[in-house]
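Asks: This structure is in structure tokens; I'll ask about it shortly.
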Amino acid sequence: MSSLLSVTDLEVDFHTVQGRVEAVRGVSFDLAAGESMAIVGESGSGKSVTSLALLGLVGEVGEVRGRIVFQGRDLVGVPEAELRDVRGAGVSLVFQDSLDALNPVYTVGAQISEILRVRLGWSRQRAREEALHLMQQVGIPDAHKRIGNYPHQFSGGMRQRICIAMAIALKPKLLVADEPTTALDVTVQAEILRLLRALQRESGMSLIFVTHDLAVARLIATRIIVMHGGRVVERGLIDDIFDRPRHPYTKALLAAHPGRVASWKDLRPIPENLTDEAPVDAPADQLPKGPVEEIAHGI
Amino acid sequence: MSNTERIVREEDGFLTRHPKLRMLSNSPLAMASVVWLVLLVLTGLIAPPFIGDEANRQVLSLRFVPPFTLDHGFEYVLGADSLGRPMLLQIIMGARTSMTVAFFAVAISALTGFAIGVVSGYFGGWLDQALMRIADILHTIPSLLLALAVLYVLEPSIVNLIGVLAVTRIPLYLRTSRAQTLELRERVFVESSRAMGAPAWRIMLRDIAPMSLPTIRTLAMLEVGTVILAAASLSFLGIGLQRPDVDWGMLVADGRAYLSSAWWVTVFPGVVIVITALAANIISNWLRAIEDPVQSVLFIRKRPRESEVTA
């Protein structure tokens, strides 16, 4: 299988005043072209840092080791100028906070078309037409009217669509979405997920979806990586993980989801230090299945 | 701004298309300040070629002509100095030099400080540290003292005066824009630009500079007043400009000896200095206020009675 992206033994350290922080420990995975994968984990599990490392965005305080081979090219330790060619056109990123991800002083049209003008050298007119097309593609109603609007004039869901339009403007081979729906309410969340899947189907790009929400991961991805404490604790096809979680952390994560328990009293907090094999008192396969499935197949 | 547009759209005409002008018209103090500065700039630009000789012509028979009389012609309406030179024309000549010095000194220091601050803040590292220490050192030296020393060694001229005032004011802009850059570079839209493959210079130019520009602009406007005062102080001390160049500080200094007998020689240039510095401060404050969405509401609210009557 020719993989689009192959990550081997990825380690990220942050050197802080308090000392070294080991954010990511030995993460490895492969991703085929057109495949969609979810990275799931709680806050601080290293999932966001992993996704930033894929674009070389960890910054000067971070130290990256291991191999990130994208289209046969190792991205670790590559100079900034070379990484810039990969960013946007090869790997693209959608952020969680869409308001802050857009520059507040330019119109959305200017921001989308700037990418095309700078990276592809298009004329102002041509870039604007493509920006309009992209806005229609991501489902902005009355795109020709809204192209001159500023980011704060859009709702959260529409703004995230703009961010997606910018991310796919250069037709990337891989889209990394770092909790793109976390800041949105549930109905808008479903629309964005549907949009991402549709875009993926049209363009054949791969998708890495970073989330803390297992139900969301199930809607978008075929494969899943569960991260905890900077390590991958479990990986596999999404249905297998849901049906037969093997690692205690995964089991605990599933048990902590309100959709999978009968009442809130049955919810279990995730015990600490589950990287060692600790016993978990609510095995997921014995829990009543219900709402999660319905959500999954109802969309 | 959407709020502003909605309110303004209710009426038609010139002010509709220029919401800032409308805000200006609702704020008499800012309006007066703008009018004063515009007037000063215009007379400073237009008048000097026509009145240059008149202003420096010494008519000893008209020494210390008192002000507010038209007996000796309109140019003597503000009186004459110890050598019979008309005060009004001298003040207008002084307006040109003062405004030139203020404009170039502020423009040079603001642009340089802004550029260095953004670059220094964005990249950080040893260069940033070195630049900030230099700025610290510059900051500890009283700018007037440094200007005194430099102008004492160099020949006092407009160019040197501008140079000295510009250099001593750079740290102010440097620190401000660096501090803003440190904050802005951590924002997600900067990271988003990087994720789209934007090079560093583009991020500084397109993402960081526009966001800190309003602050720098307000600061620069505030500095116009400070620089006018500094230039006047230097001239007052006698190491600023030399005749035949005239500036306001020099006029104040000229009249010092005759303060008890001919107050007008000192007071009129002094008043002009104060009003100009004040106007620059008021405009600076007004600019800051209308940039702030919360405060700008105060300036766009129309007087309700008036419009109801006309409607």
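Residue names in the structure tokens use chain letters A, B, ... in the order shown, residue numbers from 1 in each chain, and ligand numbers from 1 in the order shown.
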Give me, as a Markdown table, the closest atom pair and its distance (Å, one decimal) for every residue of chain B within a cut-off of 10 Å of chain A, counting only C-alpha atoms, rows sorted by chain and rising number.

Replies:
| residue | atom | partner | partner_atom | distance |
| --- | --- | --- | --- | --- |
| B:Met1 | CA | A:Gln153 | CA | 9.9 |
| B:Ser2 | CA | A:Gln153 | CA | 8.2 |
| B:Arg187 | CA | A:Asp100 | CA | 6.9 |
| B:Val188 | CA | A:Ala101 | CA | 4.8 |
| B:Phe189 | CA | A:Ala101 | CA | 3.9 |
| B:Val190 | CA | A:Ala101 | CA | 7.6 |
| B:Glu191 | CA | A:Leu57 | CA | 7.7 |
| B:Ser192 | CA | A:Ala101 | CA | 5.9 |
| B:Ser193 | CA | A:Ala101 | CA | 8.6 |
| B:Arg194 | CA | A:Leu57 | CA | 7.7 |
| B:Ala195 | CA | A:Arg87 | CA | 5.5 |
| B:Met196 | CA | A:Gly88 | CA | 4.3 |
| B:Gly197 | CA | A:Arg84 | CA | 4.2 |
| B:Ala198 | CA | A:Arg84 | CA | 6.8 |
| B:Pro199 | CA | A:Arg84 | CA | 7.3 |
| B:Ala200 | CA | A:Glu80 | CA | 9.7 |
| B:Arg202 | CA | A:Val118 | CA | 9.9 |
| B:Arg206 | CA | A:Asn103 | CA | 8.9 |
| B:Asp207 | CA | A:Asn103 | CA | 6.7 |
| B:Ile208 | CA | A:Asn103 | CA | 9.4 |
| B:Pro210 | CA | A:Val105 | CA | 7.2 |
| B:Met211 | CA | A:Val105 | CA | 7.2 |

Asks: Considering only C-alpha atoms, return as number ranges by chain whatever protein or nucleic-acid residues lie within 8 Å of Leu132 of chain A, sequence-local ones (same chain, fewer than 4 positions apart) excluded.

Replies: A: 109, 128, 136, 143-144, 147

Asks: What does the distance from atom CA of Asp30 of chain A to atom CA of Ile225 of chain A come to in Å, to one decimal?

Replies: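 Those two atoms sit 10.8 Å apart.
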
Asks: I want to know what sits within 8 Å of segment 221-237 of chain B, based on only C-alpha atoms, with residues of the same chain fewer than 3 positions away left out; could you give that as an mmCIF file with C-alpha atoms, in the first residue's frame?

Replies:
data_model
loop_
_atom_site.group_PDB
_atom_site.id
_atom_site.type_symbol
_atom_site.label_atom_id
_atom_site.label_comp_id
_atom_site.auth_asym_id
_atom_site.auth_seq_id
_atom_site.Cartn_x
_atom_site.Cartn_y
_atom_site.Cartn_z
ATOM 1 C CA SER B 98 7.618 73.892 13.529
ATOM 2 C CA MET B 99 5.245 71.812 11.412
ATOM 3 C CA VAL B 101 10.145 69.529 12.154
ATOM 4 C CA ALA B 102 7.183 67.911 13.890
ATOM 5 C CA PHE B 103 5.984 66.066 10.776
ATOM 6 C CA ALA B 105 10.611 63.877 13.180
ATOM 7 C CA VAL B 106 7.405 62.000 14.050
ATOM 8 C CA LEU B 144 16.382 66.963 25.434
ATOM 9 C CA ALA B 147 19.549 66.743 21.575
ATOM 10 C CA LEU B 148 21.439 69.520 23.342
ATOM 11 C CA LEU B 161 17.078 69.013 14.537
ATOM 12 C CA LEU B 165 14.371 64.447 17.647
ATOM 13 C CA ARG B 217 -1.079 56.164 14.763
ATOM 14 C CA THR B 218 -2.559 57.362 18.047
ATOM 15 C CA GLY B 240 17.755 74.934 17.920
ATOM 16 C CA LEU B 241 17.355 76.939 14.766
ATOM 17 C CA ASP B 247 10.451 78.947 14.961
ATOM 18 C CA TRP B 248 8.090 79.439 17.846
ATOM 19 C CA GLY B 249 10.509 78.532 20.607
ATOM 20 C CA MET B 250 12.948 81.103 19.286
ATOM 21 C CA LEU B 251 10.253 83.794 19.318
ATOM 22 C CA VAL B 252 9.422 82.999 22.928
ATOM 23 C CA ALA B 253 13.122 83.254 23.790
ATOM 24 C CA ILE B 273 2.603 76.437 20.856
ATOM 25 C CA THR B 276 -1.084 73.364 18.670
ATOM 26 C CA ALA B 277 0.171 70.813 21.177
ATOM 27 C CA LEU B 278 -3.288 70.682 22.721
ATOM 28 C CA ALA B 279 -4.952 70.230 19.319
ATOM 29 C CA ALA B 280 -2.628 67.344 18.501
ATOM 30 C CA ASN B 281 -3.473 65.718 21.829
ATOM 31 C CA ILE B 283 -7.063 64.613 17.870
ATOM 32 C CA SER B 284 -4.992 61.744 19.187
#

Asks: Name all residues at most 12 Å from Ser155 of chain A (count only C-alpha atoms; drop same-chain ones fewer than 5 positions away) and give them as a PDB file with C-alpha atoms, in the first residue's frame.

Replies:
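File written: around_33.pdb
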ATOM      1  CA  SER A  98     -12.655  30.137  13.568  1.00  0.00           C
ATOM      2  CA  LEU A  99     -12.983  33.726  14.809  1.00  0.00           C
ATOM      3  CA  ILE A 140     -22.066  29.948   2.063  1.00  0.00           C
ATOM      4  CA  ARG A 146     -20.885  37.972   1.550  1.00  0.00           C
ATOM      5  CA  ASN A 149     -17.873  40.880   4.643  1.00  0.00           C
ATOM      6  CA  TYR A 150     -15.479  40.784   7.565  1.00  0.00           C
ATOM      7  CA  GLN A 160     -15.713  27.701  10.046  1.00  0.00           C
ATOM      8  CA  ARG A 161     -16.876  27.145   6.464  1.00  0.00           C
ATOM      9  CA  ILE A 162     -14.743  30.112   5.394  1.00  0.00           C
ATOM     10  CA  ALA A 183     -16.711  25.460  19.318  1.00  0.00           C
ATOM     11  CA  LEU A 184     -19.974  24.907  17.430  1.00  0.00           C
ATOM     12  CA  ASP A 185     -23.350  23.719  18.601  1.00  0.00           C
ATOM     13  CA  VAL A 188     -23.977  23.175  13.058  1.00  0.00           C
TER      14      VAL A 188
END

Asks: Please measure the separation of atom CA of Asp71 of chain B and atom CA of Arg256 of chain B, giving the value in Å to one decimal.

Replies: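 Taking atom CA of Asp71 of chain B and atom CA of Arg256 of chain B, their separation equals 25.4 Å.
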
Asks: Please provide the set of residues having any atom within 10 Å of Arg57 of chain B, restricted to only C-alpha atoms, with same-chain residues fewer than 6 positions apart removed, written as a CSV table (one decimal) with N, CA and C atoms, in the first residue's frame.

Replies:
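Output contents, as saved in out14.csv:
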chain,number,residue,atom,x,y,z
B,51,ILE,N,5.7,86.2,2.3
B,51,ILE,CA,5.9,87.1,3.4
B,51,ILE,C,7.3,86.9,4.0
B,83,LEU,N,13.1,94.5,17.3
B,83,LEU,CA,13.7,95.0,16.1
B,83,LEU,C,12.6,95.5,15.1
B,84,GLY,N,11.4,95.6,15.6
B,84,GLY,CA,10.3,96.1,14.7
B,84,GLY,C,9.8,95.1,13.7
B,85,ARG,N,10.0,93.8,13.9
B,85,ARG,CA,9.5,92.8,13.0
B,85,ARG,C,8.1,92.4,13.4
B,86,PRO,N,7.2,92.3,12.4
B,86,PRO,CA,5.8,92.0,12.8
B,86,PRO,C,5.6,90.6,13.3

Asks: Got a sec to tell me which of segment 34-175 of chain A DSSP assigns to strand (DSSP E or B), as a PDB file with N, CA, C and O atoms, in the first residue's frame?

Replies:
ATOM      1  N   SER A  36      -9.672   8.618   5.727  1.00  0.00           N
ATOM      2  CA  SER A  36      -9.894   9.565   6.804  1.00  0.00           C
ATOM      3  C   SER A  36      -9.671   8.891   8.142  1.00  0.00           C
ATOM      4  O   SER A  36     -10.146   7.784   8.386  1.00  0.00           O
ATOM      5  N   MET A  37      -8.912   9.572   8.979  1.00  0.00           N
ATOM      6  CA  MET A  37      -8.514   8.997  10.250  1.00  0.00           C
ATOM      7  C   MET A  37      -8.809   9.990  11.349  1.00  0.00           C
ATOM      8  O   MET A  37      -8.728  11.202  11.149  1.00  0.00           O
ATOM      9  N   ALA A  38      -9.184   9.494  12.513  1.00  0.00           N
ATOM     10  CA  ALA A  38      -9.433  10.375  13.640  1.00  0.00           C
ATOM     11  C   ALA A  38      -8.372  10.153  14.697  1.00  0.00           C
ATOM     12  O   ALA A  38      -7.950   9.023  14.936  1.00  0.00           O
ATOM     13  N   ILE A  39      -7.906  11.246  15.293  1.00  0.00           N
ATOM     14  CA  ILE A  39      -7.041  11.146  16.466  1.00  0.00           C
ATOM     15  C   ILE A  39      -7.886  11.597  17.649  1.00  0.00           C
ATOM     16  O   ILE A  39      -8.380  12.725  17.676  1.00  0.00           O
ATOM     17  N   VAL A  40      -8.094  10.677  18.588  1.00  0.00           N
ATOM     18  CA  VAL A  40      -8.989  10.963  19.705  1.00  0.00           C
ATOM     19  C   VAL A  40      -8.183  10.971  20.999  1.00  0.00           C
ATOM     20  O   VAL A  40      -7.253  10.187  21.171  1.00  0.00           O
ATOM     21  N   GLY A  62       9.605  24.026  20.560  1.00  0.00           N
ATOM     22  CA  GLY A  62       9.390  22.589  20.486  1.00  0.00           C
ATOM     23  C   GLY A  62      10.519  21.894  19.741  1.00  0.00           C
ATOM     24  O   GLY A  62      11.163  22.470  18.875  1.00  0.00           O
ATOM     25  N   GLU A  63      10.755  20.649  20.103  1.00  0.00           N
ATOM     26  CA  GLU A  63      11.771  19.870  19.425  1.00  0.00           C
ATOM     27  C   GLU A  63      11.110  18.609  18.879  1.00  0.00           C
ATOM     28  O   GLU A  63      10.459  17.870  19.631  1.00  0.00           O
ATOM     29  N   VAL A  64      11.230  18.393  17.581  1.00  0.00           N
ATOM     30  CA  VAL A  64      10.561  17.264  16.949  1.00  0.00           C
ATOM     31  C   VAL A  64      11.590  16.215  16.542  1.00  0.00           C
ATOM     32  O   VAL A  64      12.617  16.538  15.947  1.00  0.00           O
ATOM     33  N   ARG A  65      11.326  14.948  16.900  1.00  0.00           N
ATOM     34  CA  ARG A  65      12.181  13.837  16.459  1.00  0.00           C
ATOM     35  C   ARG A  65      11.311  12.781  15.793  1.00  0.00           C
ATOM     36  O   ARG A  65      10.094  12.787  15.928  1.00  0.00           O
ATOM     37  N   GLY A  66      11.952  11.871  15.073  1.00  0.00           N
ATOM     38  CA  GLY A  66      11.213  10.837  14.369  1.00  0.00           C
ATOM     39  C   GLY A  66      11.102  11.174  12.904  1.00  0.00           C
ATOM     40  O   GLY A  66      11.820  12.034  12.395  1.00  0.00           O
ATOM     41  N   ARG A  67      10.197  10.484  12.214  1.00  0.00           N
ATOM     42  CA  ARG A  67      10.055  10.729  10.783  1.00  0.00           C
ATOM     43  C   ARG A  67       8.600  11.032  10.431  1.00  0.00           C
ATOM     44  O   ARG A  67       7.686  10.371  10.893  1.00  0.00           O
ATOM     45  N   ILE A  68       8.414  12.080   9.619  1.00  0.00           N
ATOM     46  CA  ILE A  68       7.104  12.375   9.060  1.00  0.00           C
ATOM     47  C   ILE A  68       7.295  12.376   7.550  1.00  0.00           C
ATOM     48  O   ILE A  68       7.761  13.362   6.979  1.00  0.00           O
ATOM     49  N   VAL A  69       6.985  11.273   6.912  1.00  0.00           N
ATOM     50  CA  VAL A  69       7.213  11.177   5.476  1.00  0.00           C
ATOM     51  C   VAL A  69       5.897  11.463   4.754  1.00  0.00           C
ATOM     52  O   VAL A  69       4.931  10.727   4.885  1.00  0.00           O
ATOM     53  N   PHE A  70       5.889  12.585   4.027  1.00  0.00           N
ATOM     54  CA  PHE A  70       4.704  12.976   3.268  1.00  0.00           C
ATOM     55  C   PHE A  70       5.053  12.948   1.790  1.00  0.00           C
ATOM     56  O   PHE A  70       5.973  13.636   1.357  1.00  0.00           O
ATOM     57  N   ARG A  73       8.665  12.330   1.221  1.00  0.00           N
ATOM     58  CA  ARG A  73       9.606  13.366   1.624  1.00  0.00           C
ATOM     59  C   ARG A  73       9.536  13.527   3.147  1.00  0.00           C
ATOM     60  O   ARG A  73       8.458  13.710   3.693  1.00  0.00           O
ATOM     61  N   ASP A  74      10.677  13.434   3.803  1.00  0.00           N
ATOM     62  CA  ASP A  74      10.684  13.570   5.254  1.00  0.00           C
ATOM     63  C   ASP A  74      10.609  15.047   5.634  1.00  0.00           C
ATOM     64  O   ASP A  74      11.397  15.862   5.166  1.00  0.00           O
ATOM     65  N   ARG A  87       3.049  23.359   3.025  1.00  0.00           N
ATOM     66  CA  ARG A  87       1.891  23.898   3.739  1.00  0.00           C
ATOM     67  C   ARG A  87       0.872  24.461   2.756  1.00  0.00           C
ATOM     68  O   ARG A  87       1.222  25.150   1.815  1.00  0.00           O
ATOM     69  N   VAL A  91      -0.260  19.770   2.778  1.00  0.00           N
ATOM     70  CA  VAL A  91      -1.006  19.561   4.015  1.00  0.00           C
ATOM     71  C   VAL A  91      -1.624  20.889   4.410  1.00  0.00           C
ATOM     72  O   VAL A  91      -0.962  21.921   4.398  1.00  0.00           O
ATOM     73  N   SER A  92      -2.904  20.866   4.756  1.00  0.00           N
ATOM     74  CA  SER A  92      -3.579  22.090   5.138  1.00  0.00           C
ATOM     75  C   SER A  92      -4.243  21.897   6.491  1.00  0.00           C
ATOM     76  O   SER A  92      -4.481  20.775   6.918  1.00  0.00           O
ATOM     77  N   LEU A  93      -4.546  22.993   7.150  1.00  0.00           N
ATOM     78  CA  LEU A  93      -4.993  22.894   8.540  1.00  0.00           C
ATOM     79  C   LEU A  93      -6.254  23.728   8.773  1.00  0.00           C
ATOM     80  O   LEU A  93      -6.362  24.851   8.301  1.00  0.00           O
ATOM     81  N   VAL A  94      -7.212  23.147   9.485  1.00  0.00           N
ATOM     82  CA  VAL A  94      -8.399  23.888   9.927  1.00  0.00           C
ATOM     83  C   VAL A  94      -8.344  23.962  11.449  1.00  0.00           C
ATOM     84  O   VAL A  94      -8.147  22.945  12.111  1.00  0.00           O
ATOM     85  N   LEU A 174      -3.827  16.469   1.882  1.00  0.00           N
ATOM     86  CA  LEU A 174      -4.192  16.060   3.235  1.00  0.00           C
ATOM     87  C   LEU A 174      -4.730  17.267   3.995  1.00  0.00           C
ATOM     88  O   LEU A 174      -4.103  18.327   4.023  1.00  0.00           O
ATOM     89  N   LEU A 175      -5.906  17.110   4.569  1.00  0.00           N
ATOM     90  CA  LEU A 175      -6.484  18.171   5.394  1.00  0.00           C
ATOM     91  C   LEU A 175      -6.444  17.720   6.845  1.00  0.00           C
ATOM     92  O   LEU A 175      -6.952  16.654   7.188  1.00  0.00           O
TER      93      LEU A 175
END

Asks: Given only C-alpha atoms, how would the per-residue table for segment 39-121 of chain A near segment 245-252 of chain A read, listing every residue at most 12 Å away with its closest atom pair and distance in Å to one decimal, sorted by chain and number, as CSV?

Replies:
residue,atom,partner,partner_atom,distance
A:Val40,CA,A:Thr250,CA,9.6
A:Gly41,CA,A:Thr250,CA,9.1
A:Glu42,CA,A:Tyr249,CA,10.5
A:Ser45,CA,A:Tyr249,CA,11.8

Asks: Taking the DSSP secondary structure from the backbone, can you list the residues of segment 48-283 of chain A that are helix (DSSP H, G or I), as a PyMOL selection string?

Replies: chain A and resi 48-54+80-86+98-101+108-120+124-137+143-146+151-153+156-167+186-203+214-220+238-243+248-255+258-260+264-266

Asks: Could you check how far atom CA of Met204 of chain B sits from atom CA of Leu184 of chain B, in Å to one decimal?

Replies: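 These two atoms are separated by 9.8 Å.
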
Asks: Write out as a VMD selection string each polymer residue whose atoms come within 12 Å of Gln125 of chain A, counting only C-alpha atoms; drop sequence neighbours fewer than 2 positions from it.

Replies: chain A and resid 109 to 110 113 to 114 116 to 117 121 to 123 127 to 132

Asks: Next, write the just-selected residues to a file, as a JSON list (two decimals), in the first residue's frame, keeping N, CA, C and O atoms as the atom set.

Replies:
[["chain", "number", "residue", "atom", "x", "y", "z"],
["A", 109, "GLY", "N", -13.26, 37.55, 1.52],
["A", 109, "GLY", "CA", -12.91, 37.40, 0.11],
["A", 109, "GLY", "C", -11.44, 37.71, -0.12],
["A", 109, "GLY", "O", -10.73, 37.00, -0.83],
["A", 110, "ALA", "N", -10.97, 38.80, 0.51],
["A", 110, "ALA", "CA", -9.57, 39.19, 0.35],
["A", 110, "ALA", "C", -8.65, 38.11, 0.91],
["A", 110, "ALA", "O", -7.60, 37.83, 0.33],
["A", 113, "SER", "N", -8.73, 34.99, -1.48],
["A", 113, "SER", "CA", -8.07, 35.21, -2.78],
["A", 113, "SER", "C", -6.59, 35.54, -2.63],
["A", 113, "SER", "O", -5.81, 35.31, -3.55],
["A", 114, "GLU", "N", -6.20, 36.06, -1.46],
["A", 114, "GLU", "CA", -4.78, 36.35, -1.26],
["A", 114, "GLU", "C", -3.95, 35.07, -1.38],
["A", 114, "GLU", "O", -2.87, 35.07, -1.98],
["A", 116, "LEU", "N", -4.58, 32.47, -3.16],
["A", 116, "LEU", "CA", -4.45, 32.06, -4.56],
["A", 116, "LEU", "C", -3.51, 32.98, -5.31],
["A", 116, "LEU", "O", -2.74, 32.54, -6.17],
["A", 117, "ARG", "N", -3.59, 34.28, -4.99],
["A", 117, "ARG", "CA", -2.74, 35.23, -5.71],
["A", 117, "ARG", "C", -1.28, 35.03, -5.37],
["A", 117, "ARG", "O", -0.41, 35.10, -6.22],
["A", 121, "GLY", "N", 0.02, 32.77, -8.03],
["A", 121, "GLY", "CA", 0.32, 33.89, -8.92],
["A", 121, "GLY", "C", -0.84, 34.31, -9.80],
["A", 121, "GLY", "O", -0.65, 34.86, -10.87],
["A", 122, "TRP", "N", -2.06, 34.04, -9.31],
["A", 122, "TRP", "CA", -3.22, 34.38, -10.12],
["A", 122, "TRP", "C", -3.48, 35.88, -10.10],
["A", 122, "TRP", "O", -3.07, 36.58, -9.19],
["A", 123, "SER", "N", -4.24, 36.34, -11.11],
["A", 123, "SER", "CA", -4.62, 37.74, -11.14],
["A", 123, "SER", "C", -5.71, 37.98, -10.09],
["A", 123, "SER", "O", -6.37, 37.06, -9.63],
["A", 127, "ALA", "N", -8.53, 35.24, -9.01],
["A", 127, "ALA", "CA", -8.53, 34.76, -7.63],
["A", 127, "ALA", "C", -9.87, 35.04, -6.96],
["A", 127, "ALA", "O", -10.39, 34.22, -6.20],
["A", 128, "ARG", "N", -10.46, 36.19, -7.29],
["A", 128, "ARG", "CA", -11.74, 36.54, -6.69],
["A", 128, "ARG", "C", -12.84, 35.59, -7.16],
["A", 128, "ARG", "O", -13.69, 35.17, -6.39],
["A", 129, "GLU", "N", -12.80, 35.26, -8.45],
["A", 129, "GLU", "CA", -13.79, 34.32, -8.97],
["A", 129, "GLU", "C", -13.66, 32.96, -8.30],
["A", 129, "GLU", "O", -14.66, 32.33, -7.93],
["A", 130, "GLU", "N", -12.42, 32.52, -8.12],
["A", 130, "GLU", "CA", -12.19, 31.24, -7.48],
["A", 130, "GLU", "C", -12.62, 31.29, -6.00],
["A", 130, "GLU", "O", -13.19, 30.32, -5.49],
["A", 131, "ALA", "N", -12.36, 32.44, -5.36],
["A", 131, "ALA", "CA", -12.77, 32.59, -3.96],
["A", 131, "ALA", "C", -14.28, 32.47, -3.84],
["A", 131, "ALA", "O", -14.81, 31.82, -2.93],
["A", 132, "LEU", "N", -14.98, 33.10, -4.78],
["A", 132, "LEU", "CA", -16.43, 33.02, -4.82],
["A", 132, "LEU", "C", -16.87, 31.57, -5.00],
["A", 132, "LEU", "O", -17.77, 31.07, -4.31]]
